[in-house]
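**Student:** I have a structure I would like to understand better, so I am pasting it below and will then ask my questions one at a time.
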Amino acid sequence: MNAQKDIIVIGGGAAGFFAAINIAEKHPELAVAILERGKEGLQKVKISGGGRCNVTHAEFIPSELVRNYPRGEKELLGPFHTFMTGDTIAWFEERGVELKIEEDGRMFPVSNSSQTIIDCFLFEAKKHKVEVLYNHSVKTIKPIENGFKVSTTQGDVEAKKIVLATGSNPKVWKLLESFGHTIVPPVPSLFTFDIKDKRIKDIPGVVAQNVEVKVLDTDLFSEGPLLITHVGMSAPAILKLSAYGAVELAKLNYNFKIGINFIKQDFEDCLDQLKGLKQDLAKKQIFGTAQFDLPKRLWRKLVLASNISDNERWADLNKEQLTALAAQLTQAVFQVTGKSTFKEEFVTAGGVDLKEVNFKTFESKLIPNLFFAGEVINVDAVTGGFNFQNAWTGAYIVSQSIAKN
């Protein structure tokens, strides 16, 4: 290994490869190397989106796009005017990778395989003479005259400039703290809720399409589809809460109550409608006549939870039962007892304090010639391709600014 480089990118993930490729392409005169601690890189890319790689999200207005970042919303607005979704699509298409938009806005390679993205990165890195050094775990980074000395498990290497694209790596955060950087303590950001409750027992896979969920005794609130799982609840309504409430829910030790409005109506309106149904469907069994577009299996569970038996007819309902059913539909309370990782997404809130990053260049405000890309800084997003878009944007801006100063 040539122990002298112009640019060292630490971390061979999405942000690291994207930064290195764009730097080398823009500045072929620079010697660029990636240091990756594993025996291969791009592991998150490989497993993202169930192995299909959710590259970005079809949101093309910067002020709308930033709304998907619980941490980083304000800071990313400027960067997204420089490089965002449309630029990402064009970048990949120019290199032979076509992307498609799915119904929910997520974007994937047309091939439906993350290997397409990995192959593209490996090809581009080779083409632009980026040296990729695997099994190089970084031990220390020391500022020296004209740059930095990086000690790895495979020896030392020096560089004029460094790009840190190490994701949520506690070891690197410790190193940065020793340089005087403030690290916001990491907490999990995308997770599902563990709930044991007879109302959702034995009905995994049921989706309520449009619900409101709030964490009781907090300001946390979200809406959207809700999925009942083997261990509790998931889908966007829950995942958004987990992202926006990452810090608060960690403080509660993932033990809290949520209130769910399954039909997005207020209690009184719902009660009035139920009274109308008591007249209109008098002879029909409540159990078999699901209302408010709710899935049948969920409707039946909420009916039973309202002290209504499975053979009662609408005409038989008394005032208490009607009130109880209206409450279950609009104000159901569930106890959350823990969290589970959402699929294969390991997203963490926390990292380098955003006040210490220059978002015009993604350079450290404390240490000249030290740049950041991806999740190493305190930016994270809801699920749907937004975390990758942050990686592409930061890495691209680093490649633009790295040779200017």
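Ordering of the structure tokens sets the chain letters (A, B, ...); residue numbers start at 1 within each chain; ligands are numbered from 1 in the order shown.
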I want to know what sits within 10 Å of Leu317 (chain A), based on only C-alpha atoms, with residues of the same chain fewer than 4 positions away left out; could you give that as an MDAnalysis selection string?
**Tutor:** chainID A and resid 274:275 278 282 286 308 312:313 321:323
**Student:** Run DSSP on the backbone and grab whatever in region 97-289 of chain A lands in strand (DSSP E or B); send it over as a ChimeraX atom specification.
**Tutor:** /A:99-101,106-109,131-133,138-144,147-152,155-164,183-188,191-194,207-215,221-228,232-234,256-261,285
**Student:** Can you tell me which residues surround Pro143 (chain A) at a distance of at most 10 Å, considering only C-alpha atoms, apart from same-chain residues fewer than 5 positions away, and format the answer as number ranges by chain?
**Tutor:** A: 148-150, 158-161, 179, 367-370
**Student:** Next, dump the selected residues to file, keeping only C-alpha atoms, as a PDB file, in the first residue's frame.
**Tutor:**
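Final output, saved to part_34.pdb:
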ATOM      1  CA  PHE A 148      -3.514  13.459   9.027  1.00  0.00           C
ATOM      2  CA  LYS A 149      -1.851  10.202   9.998  1.00  0.00           C
ATOM      3  CA  VAL A 150      -4.271   7.286  10.219  1.00  0.00           C
ATOM      4  CA  GLU A 158      -1.145   9.600   5.664  1.00  0.00           C
ATOM      5  CA  ALA A 159      -3.472  11.918   3.790  1.00  0.00           C
ATOM      6  CA  LYS A 160      -4.029  15.623   3.242  1.00  0.00           C
ATOM      7  CA  LYS A 161      -7.764  15.320   3.798  1.00  0.00           C
ATOM      8  CA  PHE A 179     -10.584  16.232  18.915  1.00  0.00           C
ATOM      9  CA  ILE A 367     -10.789  20.529  12.323  1.00  0.00           C
ATOM     10  CA  PRO A 368      -9.904  21.845   8.848  1.00  0.00           C
ATOM     11  CA  ASN A 369      -9.766  19.219   6.054  1.00  0.00           C
ATOM     12  CA  LEU A 370     -11.920  16.748   7.984  1.00  0.00           C
TER      13      LEU A 370
END
**Student:** Can you tell me how far CA of Leu277 (chain A) sits from CA of Trp314 (chain A), in Å to one decimal?
**Tutor:**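 Between these atoms lies a distance of 7.2 Å.
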**Student:** Which polymer residues have any atom within 10 Å of an atom of Lys360 (chain A), counting only C-alpha atoms, with same-chain residues fewer than 5 positions away left out, as a PyMOL selection string?
**Tutor:** chain A and resi 75-76+78-79+82+394+397-398+401
**Student:** So which residues touch Ser168 (chain A) within 7 Å, counting only C-alpha atoms, skipping near sequence neighbours fewer than 4 positions away, as a list in words?
**Tutor:** Thr348, Glu375 and Val376 of chain A
**Student:** May I ask which of the residues A:Gly86, A:Pro236, A:Gly38, A:Gly180 is the closest one to Thr153 (chain A), counting only C-alpha atoms?
**Tutor:** A:Gly38
**Student:** Distance table requested - region 103-206 of chain A against region 216-232 of chain A, cut-off 10 Å, only C-alpha atoms: one row per qualifying residue with the closest atom pair and its distance in Å to one decimal, ordered by chain and rising residue number, as JSON lines.
**Tutor:**
{"residue": "A:Thr192", "atom": "CA", "partner": "A:Gly232", "partner_atom": "CA", "distance": 7.5}
{"residue": "A:Phe193", "atom": "CA", "partner": "A:Gly232", "partner_atom": "CA", "distance": 5.6}
{"residue": "A:Asp194", "atom": "CA", "partner": "A:Gly232", "partner_atom": "CA", "distance": 4.5}
{"residue": "A:Ile195", "atom": "CA", "partner": "A:Gly232", "partner_atom": "CA", "distance": 4.3}
{"residue": "A:Lys196", "atom": "CA", "partner": "A:Gly232", "partner_atom": "CA", "distance": 6.6}
{"residue": "A:Asp197", "atom": "CA", "partner": "A:Gly232", "partner_atom": "CA", "distance": 8.3}
{"residue": "A:Ile200", "atom": "CA", "partner": "A:Ile228", "partner_atom": "CA", "distance": 6.8}
{"residue": "A:Lys201", "atom": "CA", "partner": "A:His230", "partner_atom": "CA", "distance": 7.8}
{"residue": "A:Asp202", "atom": "CA", "partner": "A:His230", "partner_atom": "CA", "distance": 7.6}
{"residue": "A:Ile203", "atom": "CA", "partner": "A:Ile228", "partner_atom": "CA", "distance": 6.9}
{"residue": "A:Pro204", "atom": "CA", "partner": "A:Thr229", "partner_atom": "CA", "distance": 4.4}
{"residue": "A:Gly205", "atom": "CA", "partner": "A:Ile228", "partner_atom": "CA", "distance": 5.6}
{"residue": "A:Val206", "atom": "CA", "partner": "A:Ile228", "partner_atom": "CA", "distance": 5.4}
**Student:** Kindly export the residues of the current selection with C-alpha atoms, as a PDB file, in the first residue's frame.
**Tutor:**
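Result saved to again14.pdb:
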ATOM      1  CA  THR A 192     -41.380  -1.360  15.944  1.00  0.00           C
ATOM      2  CA  PHE A 193     -43.351  -1.446  19.202  1.00  0.00           C
ATOM      3  CA  ASP A 194     -43.612  -4.592  21.344  1.00  0.00           C
ATOM      4  CA  ILE A 195     -47.171  -4.922  22.673  1.00  0.00           C
ATOM      5  CA  LYS A 196     -48.844  -7.866  24.370  1.00  0.00           C
ATOM      6  CA  ASP A 197     -52.595  -7.337  24.197  1.00  0.00           C
ATOM      7  CA  ILE A 200     -54.102  -7.805  18.647  1.00  0.00           C
ATOM      8  CA  LYS A 201     -53.269 -11.394  19.576  1.00  0.00           C
ATOM      9  CA  ASP A 202     -53.495 -13.957  16.756  1.00  0.00           C
ATOM     10  CA  ILE A 203     -54.081 -11.390  13.995  1.00  0.00           C
ATOM     11  CA  PRO A 204     -50.556 -10.676  12.645  1.00  0.00           C
ATOM     12  CA  GLY A 205     -50.552  -9.252   9.138  1.00  0.00           C
ATOM     13  CA  VAL A 206     -53.703  -7.181   9.629  1.00  0.00           C
TER      14      VAL A 206
END
**Student:** Looking at A:Ala332, A:Val138, A:Leu325, A:Ala373, which one is nearest to Trp392 (chain A), with distances taken over only C-alpha atoms?
**Tutor:**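 Among the listed residues, the smallest separation from Trp392 (chain A) belongs to A:Ala373.
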**Student:** When distances are computed from only C-alpha atoms, which of A:Val132, A:Glu248, A:Leu65, A:Ile162 shows the smallest separation from Asp6 (chain A)?
**Tutor:** A:Ile162
